[in-house]
>>> print(open('my_file-v7.pdb').read())   # PDB, N, CA and C atoms and all ligand atoms
ATOM      1  N   MET R   1    -257.665  31.509  56.142  1.00  0.00           N
ATOM      2  CA  MET R   1    -256.563  32.447  56.358  1.00  0.00           C
ATOM      3  C   MET R   1    -257.001  33.857  55.993  1.00  0.00           C
ATOM      4  N   SER R   2    -256.652  34.790  56.795  1.00  0.00           N
ATOM      5  CA  SER R   2    -256.961  36.180  56.479  1.00  0.00           C
ATOM      6  C   SER R   2    -255.770  36.802  55.747  1.00  0.00           C
ATOM      7  N   LEU R   3    -255.987  38.005  55.268  1.00  0.00           N
ATOM      8  CA  LEU R   3    -254.899  38.700  54.590  1.00  0.00           C
ATOM      9  C   LEU R   3    -253.782  39.062  55.552  1.00  0.00           C
ATOM     10  N   GLN R   4    -254.084  39.073  56.833  1.00  0.00           N
ATOM     11  CA  GLN R   4    -253.054  39.413  57.815  1.00  0.00           C
ATOM     12  C   GLN R   4    -252.212  38.188  58.212  1.00  0.00           C
ATOM     13  N   SER R   5    -252.494  37.041  57.652  1.00  0.00           N
ATOM     14  CA  SER R   5    -251.753  35.852  58.041  1.00  0.00           C
ATOM     15  C   SER R   5    -250.361  35.862  57.408  1.00  0.00           C
ATOM     16  N   LYS R   6    -249.643  34.825  57.632  1.00  0.00           N
ATOM     17  CA  LYS R   6    -248.245  34.766  57.215  1.00  0.00           C
ATOM     18  C   LYS R   6    -248.079  35.013  55.720  1.00  0.00           C
ATOM     19  N   LYS R   7    -247.089  35.823  55.419  1.00  0.00           N
ATOM     20  CA  LYS R   7    -246.842  36.116  54.011  1.00  0.00           C
ATOM     21  C   LYS R   7    -245.352  36.363  53.818  1.00  0.00           C
ATOM     22  N   SER R   8    -244.875  35.973  52.673  1.00  0.00           N
ATOM     23  CA  SER R   8    -243.496  36.243  52.294  1.00  0.00           C
ATOM     24  C   SER R   8    -243.498  37.100  51.039  1.00  0.00           C
ATOM     25  N   PHE R   9    -242.629  38.079  51.041  1.00  0.00           N
ATOM     26  CA  PHE R   9    -242.532  38.899  49.841  1.00  0.00           C
ATOM     27  C   PHE R   9    -241.106  39.401  49.682  1.00  0.00           C
ATOM     28  N   ALA R  10    -240.756  39.686  48.454  1.00  0.00           N
ATOM     29  CA  ALA R  10    -239.412  40.158  48.153  1.00  0.00           C
ATOM     30  C   ALA R  10    -239.308  41.643  48.486  1.00  0.00           C
ATOM     31  N   ALA R  11    -238.119  42.048  48.917  1.00  0.00           N
ATOM     32  CA  ALA R  11    -237.865  43.448  49.222  1.00  0.00           C
ATOM     33  C   ALA R  11    -236.471  43.808  48.722  1.00  0.00           C
ATOM     34  N   ILE R  12    -236.363  44.992  48.180  1.00  0.00           N
ATOM     35  CA  ILE R  12    -235.092  45.444  47.620  1.00  0.00           C
ATOM     36  C   ILE R  12    -234.327  46.243  48.659  1.00  0.00           C
ATOM     37  N   ASP R  13    -233.057  45.916  48.796  1.00  0.00           N
ATOM     38  CA  ASP R  13    -232.159  46.683  49.650  1.00  0.00           C
ATOM     39  C   ASP R  13    -231.520  47.755  48.762  1.00  0.00           C
ATOM     40  N   TYR R  14    -232.012  48.962  48.891  1.00  0.00           N
ATOM     41  CA  TYR R  14    -231.551  50.024  47.995  1.00  0.00           C
ATOM     42  C   TYR R  14    -230.131  50.489  48.321  1.00  0.00           C
ATOM     43  N   GLN R  15    -229.606  50.042  49.443  1.00  0.00           N
ATOM     44  CA  GLN R  15    -228.187  50.304  49.715  1.00  0.00           C
ATOM     45  C   GLN R  15    -227.303  49.415  48.841  1.00  0.00           C
ATOM     46  N   ARG R  16    -227.797  48.236  48.543  1.00  0.00           N
ATOM     47  CA  ARG R  16    -227.027  47.298  47.730  1.00  0.00           C
ATOM     48  C   ARG R  16    -227.322  47.445  46.236  1.00  0.00           C
ATOM     49  N   CYS R  17    -228.550  47.761  45.908  1.00  0.00           N
ATOM     50  CA  CYS R  17    -228.963  47.825  44.510  1.00  0.00           C
ATOM     51  C   CYS R  17    -228.157  48.885  43.779  1.00  0.00           C
ATOM     52  N   ASP R  18    -227.527  48.484  42.676  1.00  0.00           N
ATOM     53  CA  ASP R  18    -226.716  49.418  41.893  1.00  0.00           C
ATOM     54  C   ASP R  18    -226.829  49.027  40.429  1.00  0.00           C
ATOM     55  N   ILE R  19    -227.786  49.598  39.762  1.00  0.00           N
ATOM     56  CA  ILE R  19    -228.070  49.180  38.390  1.00  0.00           C
ATOM     57  C   ILE R  19    -226.934  49.510  37.433  1.00  0.00           C
ATOM     58  N   LYS R  20    -226.126  50.480  37.769  1.00  0.00           N
ATOM     59  CA  LYS R  20    -224.991  50.784  36.887  1.00  0.00           C
ATOM     60  C   LYS R  20    -223.941  49.678  36.928  1.00  0.00           C
ATOM     61  N   THR R  21    -223.961  48.890  37.994  1.00  0.00           N
ATOM     62  CA  THR R  21    -223.046  47.759  38.086  1.00  0.00           C
ATOM     63  C   THR R  21    -223.647  46.511  37.461  1.00  0.00           C
ATOM     64  N   CYS R  22    -224.907  46.235  37.732  1.00  0.00           N
ATOM     65  CA  CYS R  22    -225.495  44.971  37.263  1.00  0.00           C
ATOM     66  C   CYS R  22    -225.982  45.058  35.824  1.00  0.00           C
ATOM     67  N   ALA R  23    -226.269  46.261  35.339  1.00  0.00           N
ATOM     68  CA  ALA R  23    -226.743  46.408  33.955  1.00  0.00           C
ATOM     69  C   ALA R  23    -226.149  47.672  33.343  1.00  0.00           C
ATOM     70  N   PRO R  24    -224.819  47.699  33.199  1.00  0.00           N
ATOM     71  CA  PRO R  24    -224.155  48.942  32.797  1.00  0.00           C
ATOM     72  C   PRO R  24    -224.459  49.386  31.368  1.00  0.00           C
ATOM     73  N   GLU R  25    -224.882  48.470  30.514  1.00  0.00           N
ATOM     74  CA  GLU R  25    -225.076  48.852  29.116  1.00  0.00           C
ATOM     75  C   GLU R  25    -226.461  49.427  28.847  1.00  0.00           C
ATOM     76  N   LYS R  26    -227.494  48.673  29.262  1.00  0.00           N
ATOM     77  CA  LYS R  26    -228.855  49.103  28.924  1.00  0.00           C
ATOM     78  C   LYS R  26    -229.654  49.608  30.119  1.00  0.00           C
ATOM     79  N   GLY R  27    -229.154  49.381  31.309  1.00  0.00           N
ATOM     80  CA  GLY R  27    -229.856  49.880  32.477  1.00  0.00           C
ATOM     81  C   GLY R  27    -231.156  49.173  32.764  1.00  0.00           C
ATOM     82  N   LEU R  28    -231.242  47.929  32.315  1.00  0.00           N
ATOM     83  CA  LEU R  28    -232.465  47.149  32.560  1.00  0.00           C
ATOM     84  C   LEU R  28    -232.207  46.145  33.672  1.00  0.00           C
ATOM     85  N   CYS R  29    -232.946  46.255  34.743  1.00  0.00           N
ATOM     86  CA  CYS R  29    -232.780  45.352  35.885  1.00  0.00           C
ATOM     87  C   CYS R  29    -233.099  43.919  35.476  1.00  0.00           C
ATOM     88  N   PRO R  30    -232.152  42.988  35.648  1.00  0.00           N
ATOM     89  CA  PRO R  30    -232.407  41.594  35.266  1.00  0.00           C
ATOM     90  C   PRO R  30    -233.488  40.908  36.094  1.00  0.00           C
ATOM     91  N   ALA R  31    -233.803  41.462  37.233  1.00  0.00           N
ATOM     92  CA  ALA R  31    -234.830  40.846  38.073  1.00  0.00           C
ATOM     93  C   ALA R  31    -236.241  41.111  37.533  1.00  0.00           C
ATOM     94  N   VAL R  32    -236.387  42.164  36.723  1.00  0.00           N
ATOM     95  CA  VAL R  32    -237.717  42.505  36.206  1.00  0.00           C
ATOM     96  C   VAL R  32    -238.268  41.403  35.286  1.00  0.00           C
ATOM     97  N   PRO R  33    -237.526  41.002  34.243  1.00  0.00           N
ATOM     98  CA  PRO R  33    -238.053  39.927  33.395  1.00  0.00           C
ATOM     99  C   PRO R  33    -238.098  38.575  34.099  1.00  0.00           C
ATOM    100  N   ALA R  34    -237.354  38.435  35.193  1.00  0.00           N
ATOM    101  CA  ALA R  34    -237.362  37.158  35.916  1.00  0.00           C
ATOM    102  C   ALA R  34    -238.670  36.936  36.664  1.00  0.00           C
ATOM    103  N   CYS R  35    -239.407  38.011  36.918  1.00  0.00           N
ATOM    104  CA  CYS R  35    -240.650  37.880  37.686  1.00  0.00           C
ATOM    105  C   CYS R  35    -241.813  37.541  36.759  1.00  0.00           C
ATOM    106  N   ALA R  36    -242.229  36.299  36.794  1.00  0.00           N
ATOM    107  CA  ALA R  36    -243.330  35.855  35.938  1.00  0.00           C
ATOM    108  C   ALA R  36    -244.642  36.528  36.318  1.00  0.00           C
ATOM    109  N   HIS R  37    -244.703  37.031  37.525  1.00  0.00           N
ATOM    110  CA  HIS R  37    -245.945  37.655  37.995  1.00  0.00           C
ATOM    111  C   HIS R  37    -245.974  39.155  37.715  1.00  0.00           C
ATOM    112  N   LYS R  38    -244.881  39.657  37.167  1.00  0.00           N
ATOM    113  CA  LYS R  38    -244.784  41.058  36.745  1.00  0.00           C
ATOM    114  C   LYS R  38    -245.100  42.039  37.872  1.00  0.00           C
ATOM    115  N   VAL R  39    -244.558  41.773  39.036  1.00  0.00           N
ATOM    116  CA  VAL R  39    -244.802  42.679  40.153  1.00  0.00           C
ATOM    117  C   VAL R  39    -243.536  43.435  40.564  1.00  0.00           C
ATOM    118  N   ILE R  40    -242.468  43.293  39.783  1.00  0.00           N
ATOM    119  CA  ILE R  40    -241.279  44.121  39.994  1.00  0.00           C
ATOM    120  C   ILE R  40    -241.077  44.921  38.709  1.00  0.00           C
ATOM    121  N   LYS R  41    -241.013  46.225  38.867  1.00  0.00           N
ATOM    122  CA  LYS R  41    -240.999  47.099  37.695  1.00  0.00           C
ATOM    123  C   LYS R  41    -240.039  48.261  37.902  1.00  0.00           C
ATOM    124  N   GLN R  42    -239.475  48.714  36.771  1.00  0.00           N
ATOM    125  CA  GLN R  42    -238.667  49.932  36.789  1.00  0.00           C
ATOM    126  C   GLN R  42    -239.574  51.100  36.402  1.00  0.00           C
ATOM    127  N   LEU R  43    -240.338  51.563  37.349  1.00  0.00           N
ATOM    128  CA  LEU R  43    -241.331  52.603  37.052  1.00  0.00           C
ATOM    129  C   LEU R  43    -240.688  53.906  36.612  1.00  0.00           C
ATOM    130  N   ASP R  44    -239.494  54.182  37.120  1.00  0.00           N
ATOM    131  CA  ASP R  44    -238.845  55.457  36.816  1.00  0.00           C
ATOM    132  C   ASP R  44    -237.980  55.387  35.568  1.00  0.00           C
ATOM    133  N   GLY R  45    -237.982  54.238  34.887  1.00  0.00           N
ATOM    134  CA  GLY R  45    -237.251  54.119  33.635  1.00  0.00           C
ATOM    135  C   GLY R  45    -235.932  53.380  33.791  1.00  0.00           C
ATOM    136  N   VAL R  46    -235.231  53.278  32.666  1.00  0.00           N
ATOM    137  CA  VAL R  46    -233.960  52.564  32.669  1.00  0.00           C
ATOM    138  C   VAL R  46    -232.942  53.302  33.550  1.00  0.00           C
ATOM    139  N   PHE R  47    -231.987  52.555  34.035  1.00  0.00           N
ATOM    140  CA  PHE R  47    -230.949  53.050  34.950  1.00  0.00           C
ATOM    141  C   PHE R  47    -231.517  53.562  36.270  1.00  0.00           C
ATOM    142  N   GLU R  48    -232.742  53.147  36.590  1.00  0.00           N
ATOM    143  CA  GLU R  48    -233.315  53.445  37.900  1.00  0.00           C
ATOM    144  C   GLU R  48    -233.626  52.131  38.606  1.00  0.00           C
ATOM    145  N   SER R  49    -233.497  52.125  39.910  1.00  0.00           N
ATOM    146  CA  SER R  49    -233.792  50.905  40.669  1.00  0.00           C
ATOM    147  C   SER R  49    -235.260  50.519  40.518  1.00  0.00           C
ATOM    148  N   PRO R  50    -235.533  49.219  40.500  1.00  0.00           N
ATOM    149  CA  PRO R  50    -236.923  48.778  40.398  1.00  0.00           C
ATOM    150  C   PRO R  50    -237.643  48.892  41.746  1.00  0.00           C
ATOM    151  N   ILE R  51    -238.948  48.760  41.675  1.00  0.00           N
ATOM    152  CA  ILE R  51    -239.732  48.621  42.900  1.00  0.00           C
ATOM    153  C   ILE R  51    -240.550  47.335  42.807  1.00  0.00           C
ATOM    154  N   ILE R  52    -240.904  46.812  43.954  1.00  0.00           N
ATOM    155  CA  ILE R  52    -241.701  45.587  44.007  1.00  0.00           C
ATOM    156  C   ILE R  52    -243.065  45.907  44.598  1.00  0.00           C
ATOM    157  N   PHE R  53    -244.099  45.510  43.889  1.00  0.00           N
ATOM    158  CA  PHE R  53    -245.457  45.657  44.426  1.00  0.00           C
ATOM    159  C   PHE R  53    -245.709  44.478  45.363  1.00  0.00           C
ATOM    160  N   GLN R  54    -245.376  44.707  46.626  1.00  0.00           N
ATOM    161  CA  GLN R  54    -245.279  43.587  47.555  1.00  0.00           C
ATOM    162  C   GLN R  54    -246.619  42.924  47.832  1.00  0.00           C
ATOM    163  N   ASP R  55    -247.703  43.657  47.708  1.00  0.00           N
ATOM    164  CA  ASP R  55    -249.012  43.048  47.939  1.00  0.00           C
ATOM    165  C   ASP R  55    -249.273  41.895  46.977  1.00  0.00           C
ATOM    166  N   MET R  56    -248.681  41.997  45.799  1.00  0.00           N
ATOM    167  CA  MET R  56    -248.947  40.988  44.765  1.00  0.00           C
ATOM    168  C   MET R  56    -247.804  39.995  44.600  1.00  0.00           C
ATOM    169  N   CYS R  57    -246.745  40.150  45.380  1.00  0.00           N
ATOM    170  CA  CYS R  57    -245.591  39.255  45.281  1.00  0.00           C
ATOM    171  C   CYS R  57    -245.961  37.865  45.781  1.00  0.00           C
ATOM    172  N   MET R  58    -245.558  36.862  45.018  1.00  0.00           N
ATOM    173  CA  MET R  58    -245.883  35.483  45.358  1.00  0.00           C
ATOM    174  C   MET R  58    -244.791  34.801  46.185  1.00  0.00           C
ATOM    175  N   GLY R  59    -243.709  35.517  46.444  1.00  0.00           N
ATOM    176  CA  GLY R  59    -242.636  34.944  47.250  1.00  0.00           C
ATOM    177  C   GLY R  59    -241.945  33.769  46.592  1.00  0.00           C
ATOM    178  N   CYS R  60    -241.768  33.857  45.276  1.00  0.00           N
ATOM    179  CA  CYS R  60    -241.257  32.690  44.541  1.00  0.00           C
ATOM    180  C   CYS R  60    -239.730  32.643  44.458  1.00  0.00           C
ATOM    181  N   TRP R  61    -239.055  33.726  44.798  1.00  0.00           N
ATOM    182  CA  TRP R  61    -237.581  33.812  44.799  1.00  0.00           C
ATOM    183  C   TRP R  61    -236.952  34.016  43.424  1.00  0.00           C
ATOM    184  N   ASP R  62    -237.710  34.039  42.357  1.00  0.00           N
ATOM    185  CA  ASP R  62    -237.091  34.144  41.026  1.00  0.00           C
ATOM    186  C   ASP R  62    -236.302  35.444  40.872  1.00  0.00           C
ATOM    187  N   CYS R  63    -236.824  36.543  41.406  1.00  0.00           N
ATOM    188  CA  CYS R  63    -236.091  37.814  41.285  1.00  0.00           C
ATOM    189  C   CYS R  63    -234.823  37.782  42.123  1.00  0.00           C
ATOM    190  N   ILE R  64    -234.878  37.121  43.249  1.00  0.00           N
ATOM    191  CA  ILE R  64    -233.705  37.014  44.123  1.00  0.00           C
ATOM    192  C   ILE R  64    -232.590  36.265  43.404  1.00  0.00           C
ATOM    193  N   ASP R  65    -232.967  35.193  42.730  1.00  0.00           N
ATOM    194  CA  ASP R  65    -231.986  34.420  41.970  1.00  0.00           C
ATOM    195  C   ASP R  65    -231.405  35.230  40.816  1.00  0.00           C
ATOM    196  N   ALA R  66    -232.197  36.156  40.280  1.00  0.00           N
ATOM    197  CA  ALA R  66    -231.767  36.902  39.097  1.00  0.00           C
ATOM    198  C   ALA R  66    -230.897  38.108  39.426  1.00  0.00           C
ATOM    199  N   CYS R  67    -230.897  38.546  40.668  1.00  0.00           N
ATOM    200  CA  CYS R  67    -230.133  39.747  41.027  1.00  0.00           C
ATOM    201  C   CYS R  67    -228.687  39.376  41.339  1.00  0.00           C
ATOM    202  N   PRO R  68    -227.740  39.862  40.537  1.00  0.00           N
ATOM    203  CA  PRO R  68    -226.342  39.469  40.744  1.00  0.00           C
ATOM    204  C   PRO R  68    -225.697  40.130  41.955  1.00  0.00           C
ATOM    205  N   LEU R  69    -226.312  41.151  42.502  1.00  0.00           N
ATOM    206  CA  LEU R  69    -225.699  41.872  43.618  1.00  0.00           C
ATOM    207  C   LEU R  69    -226.324  41.523  44.965  1.00  0.00           C
ATOM    208  N   ASP R  70    -227.152  40.510  44.987  1.00  0.00           N
ATOM    209  CA  ASP R  70    -227.832  40.107  46.234  1.00  0.00           C
ATOM    210  C   ASP R  70    -228.558  41.283  46.886  1.00  0.00           C
ATOM    211  N   ALA R  71    -229.179  42.091  46.045  1.00  0.00           N
ATOM    212  CA  ALA R  71    -229.863  43.281  46.558  1.00  0.00           C
ATOM    213  C   ALA R  71    -231.336  43.019  46.876  1.00  0.00           C
ATOM    214  N   ILE R  72    -231.802  41.814  46.587  1.00  0.00           N
ATOM    215  CA  ILE R  72    -233.197  41.491  46.889  1.00  0.00           C
ATOM    216  C   ILE R  72    -233.213  40.361  47.913  1.00  0.00           C
ATOM    217  N   GLY R  73    -234.025  40.539  48.919  1.00  0.00           N
ATOM    218  CA  GLY R  73    -234.151  39.520  49.955  1.00  0.00           C
ATOM    219  C   GLY R  73    -235.614  39.209  50.198  1.00  0.00           C
ATOM    220  N   MET R  74    -235.846  38.131  50.935  1.00  0.00           N
ATOM    221  CA  MET R  74    -237.222  37.734  51.252  1.00  0.00           C
ATOM    222  C   MET R  74    -237.550  38.205  52.665  1.00  0.00           C
ATOM    223  N   THR R  75    -238.692  38.855  52.766  1.00  0.00           N
ATOM    224  CA  THR R  75    -239.179  39.325  54.058  1.00  0.00           C
ATOM    225  C   THR R  75    -240.405  38.516  54.434  1.00  0.00           C
ATOM    226  N   HIS R  76    -240.495  38.158  55.694  1.00  0.00           N
ATOM    227  CA  HIS R  76    -241.623  37.360  56.164  1.00  0.00           C
ATOM    228  C   HIS R  76    -242.371  38.150  57.221  1.00  0.00           C
ATOM    229  N   ILE R  77    -243.676  38.193  57.090  1.00  0.00           N
ATOM    230  CA  ILE R  77    -244.483  38.857  58.114  1.00  0.00           C
ATOM    231  C   ILE R  77    -245.544  37.884  58.607  1.00  0.00           C
ATOM    232  N   GLY R  78    -246.061  38.152  59.750  1.00  0.00           N
ATOM    233  CA  GLY R  78    -247.137  37.335  60.286  1.00  0.00           C
ATOM    234  C   GLY R  78    -246.629  36.166  61.097  1.00  0.00           C
ATOM    235  N   ALA R  79    -247.576  35.379  61.606  1.00  0.00           N
ATOM    236  CA  ALA R  79    -247.232  34.270  62.489  1.00  0.00           C
ATOM    237  C   ALA R  79    -246.907  33.014  61.703  1.00  0.00           C
TER     238      ALA R  79
HETATM  239  S1  LIG Y 101    -230.661  43.166  39.476  1.00  0.00           S
HETATM  240 FE1  LIG Y 101    -230.555  43.652  41.636  1.00  0.00          FE
HETATM  241  S2  LIG Y 101    -228.929  45.220  41.791  1.00  0.00           S
HETATM  242 FE2  LIG Y 101    -229.570  45.107  39.673  1.00  0.00          FE
HETATM  243  S3  LIG Y 101    -231.134  46.747  39.466  1.00  0.00           S
HETATM  244 FE3  LIG Y 101    -232.171  44.791  39.847  1.00  0.00          FE
HETATM  245  S4  LIG Y 101    -232.458  44.746  42.073  1.00  0.00           S
HETATM  246 FE4  LIG Y 101    -230.909  46.287  41.647  1.00  0.00          FE
HETATM  247  S1  LIG Y 102    -240.477  36.883  44.670  1.00  0.00           S
HETATM  248 FE1  LIG Y 102    -241.348  36.153  42.728  1.00  0.00          FE
HETATM  249  S2  LIG Y 102    -243.345  37.205  42.568  1.00  0.00           S
HETATM  250 FE2  LIG Y 102    -242.150  38.298  44.101  1.00  0.00          FE
HETATM  251  S3  LIG Y 102    -241.198  39.982  42.961  1.00  0.00           S
HETATM  252 FE3  LIG Y 102    -239.734  38.245  43.053  1.00  0.00          FE
HETATM  253  S4  LIG Y 102    -240.043  37.085  41.170  1.00  0.00           S
HETATM  254 FE4  LIG Y 102    -241.834  38.433  41.460  1.00  0.00          FE
END
>>> encode(input="my_file-v7.pdb", output="structure tokens")
Amino acid sequence: MSLQSKKSFAAIDYQRCDIKTCAPEKGLCPAVPACAHKVIKQLDGVFESPIIFQDMCMGCWDCIDACPLDAIGMTHIGA
């Protein structure tokens, strides 16, 4: 398999993502600690939406399960 072959990775819908709703007290995205592979991070700090380093995402769904606002979905590319 080449790197261009089928891959699944998580993607954040920033229209849905609202950290003030899902983490109003501390501003820590619950999906970040849910990712055992540590590829979703709040690079801009607390109360900011996280980003996913999709190249390293394992497509395990743990962050999707952890997001209470259904703001993370799975994207599939390739054949
Ligand atoms: S849990 Fe979901 S809605 Fe909340 S900050 Fe993380 S991605 Fe956004
Ligand atoms: S799908 Fe899994 S590996 Fe990818 S960002 Fe979510 S928890 Fe991390």
>>> atom_distance(input="my_file-v7.pdb", atom1="atom N of Gln54 (chain R)", atom2="atom N of Ile40 (chain R)")
7.6 Å
>>> residues_around(input="my_file-v7.pdb", residues="region 62-69 of chain R", least_positions_apart="4", cutoff="6.5 Å", atoms="all atoms listed in the file", output="number ranges by chain")
R: 16, 22, 30-32, 34-35, 73
>>> atom_distance(input="my_file-v7.pdb", atom1="atom C of Lys38 (chain R)", atom2="CA of Ile19 (chain R)")
18.5 Å
>>> select_by_dssp(input="my_file-v7.pdb", residues="chain R", states="strand (DSSP E or B)", output="ChimeraX atom specification")
/R:7-12,40-41,51-52,72-77
>>> closest_residue(input="my_file-v7.pdb", among="R:Val39, R:Cys17, R:Ala10, R:Ala71", to="Gly59 (chain R)", atoms="all atoms listed in the file")
R:Ala10
>>> axis_aligned_box(input="my_file-v7.pdb", around="ligand LIG 102 (chain Y)", padding_each_side="4 Å", output="AutoDock Vina command-line options")
--center_x -241.5 --center_y 38.1 --center_z 42.9 --size_x 11.6 --size_y 11.8 --size_z 11.5
>>> resolve_selection(input="my_file-v7.pdb", expression="the PyMOL selection byres (((chain R and resi 42-45 and name CA) around 10) and not hetatm and name CA)", output="JSON, numbers by chain")
{"R": [27, 28, 29, 31, 32, 40, 41, 46, 47, 48, 49, 50, 51, 52]}
>>> resolve_selection(input="my_file-v7.pdb", expression="the PyMOL selection byres (((chain R and resi 74 and name CA) around 7) and not hetatm and name CA)", output="mmCIF file with N, CA and C atoms, in the coordinates of the input")
data_model
loop_
_atom_site.group_PDB
_atom_site.id
_atom_site.type_symbol
_atom_site.label_atom_id
_atom_site.label_comp_id
_atom_site.auth_asym_id
_atom_site.auth_seq_id
_atom_site.Cartn_x
_atom_site.Cartn_y
_atom_site.Cartn_z
ATOM 1 N N SER R 8 -244.875 35.973 52.673
ATOM 2 C CA SER R 8 -243.496 36.243 52.294
ATOM 3 C C SER R 8 -243.498 37.100 51.039
ATOM 4 N N PHE R 9 -242.629 38.079 51.041
ATOM 5 C CA PHE R 9 -242.532 38.899 49.841
ATOM 6 C C PHE R 9 -241.106 39.401 49.682
ATOM 7 N N ALA R 10 -240.756 39.686 48.454
ATOM 8 C CA ALA R 10 -239.412 40.158 48.153
ATOM 9 C C ALA R 10 -239.308 41.643 48.486
ATOM 10 N N ALA R 11 -238.119 42.048 48.917
ATOM 11 C CA ALA R 11 -237.865 43.448 49.222
ATOM 12 C C ALA R 11 -236.471 43.808 48.722
ATOM 13 N N GLY R 73 -234.025 40.539 48.919
ATOM 14 C CA GLY R 73 -234.151 39.520 49.955
ATOM 15 C C GLY R 73 -235.614 39.209 50.198
ATOM 16 N N THR R 75 -238.692 38.855 52.766
ATOM 17 C CA THR R 75 -239.179 39.325 54.058
ATOM 18 C C THR R 75 -240.405 38.516 54.434
ATOM 19 N N HIS R 76 -240.495 38.158 55.694
ATOM 20 C CA HIS R 76 -241.623 37.360 56.164
ATOM 21 C C HIS R 76 -242.371 38.150 57.221
#
>>> resolve_selection(input="my_file-v7.pdb", expression="the PyMOL selection byres (((chain R and resi 77 and name CA) around 6) and not hetatm and name CA)", output="ChimeraX atom specification")
/R:6-7,76,78
>>> atom_distance(input="my_file-v7.pdb", atom1="atom N of Thr21 (chain R)", atom2="atom FE3 of ligand LIG 102 (chain Y)")
19.7 Å
>>> closest_residue(input="my_file-v7.pdb", among="R:Pro24, R:Asp70, R:Cys60, R:Ala36", to="ligand LIG 101 (chain Y)", atoms="only C-alpha atoms and all ligand atoms")
R:Asp70
>>> select_by_dssp(input="my_file-v7.pdb", residues="chain R", states="helix (DSSP H, G or I)", output="ChimeraX atom specification")
/R:19-22,31-34,54-56,62-66
>>> closest_residue(input="my_file-v7.pdb", among="R:Lys20, R:Tyr14, R:Pro33, R:Lys26", to="ligand LIG 102 (chain Y)", atoms="only C-alpha atoms and all ligand atoms")
R:Pro33
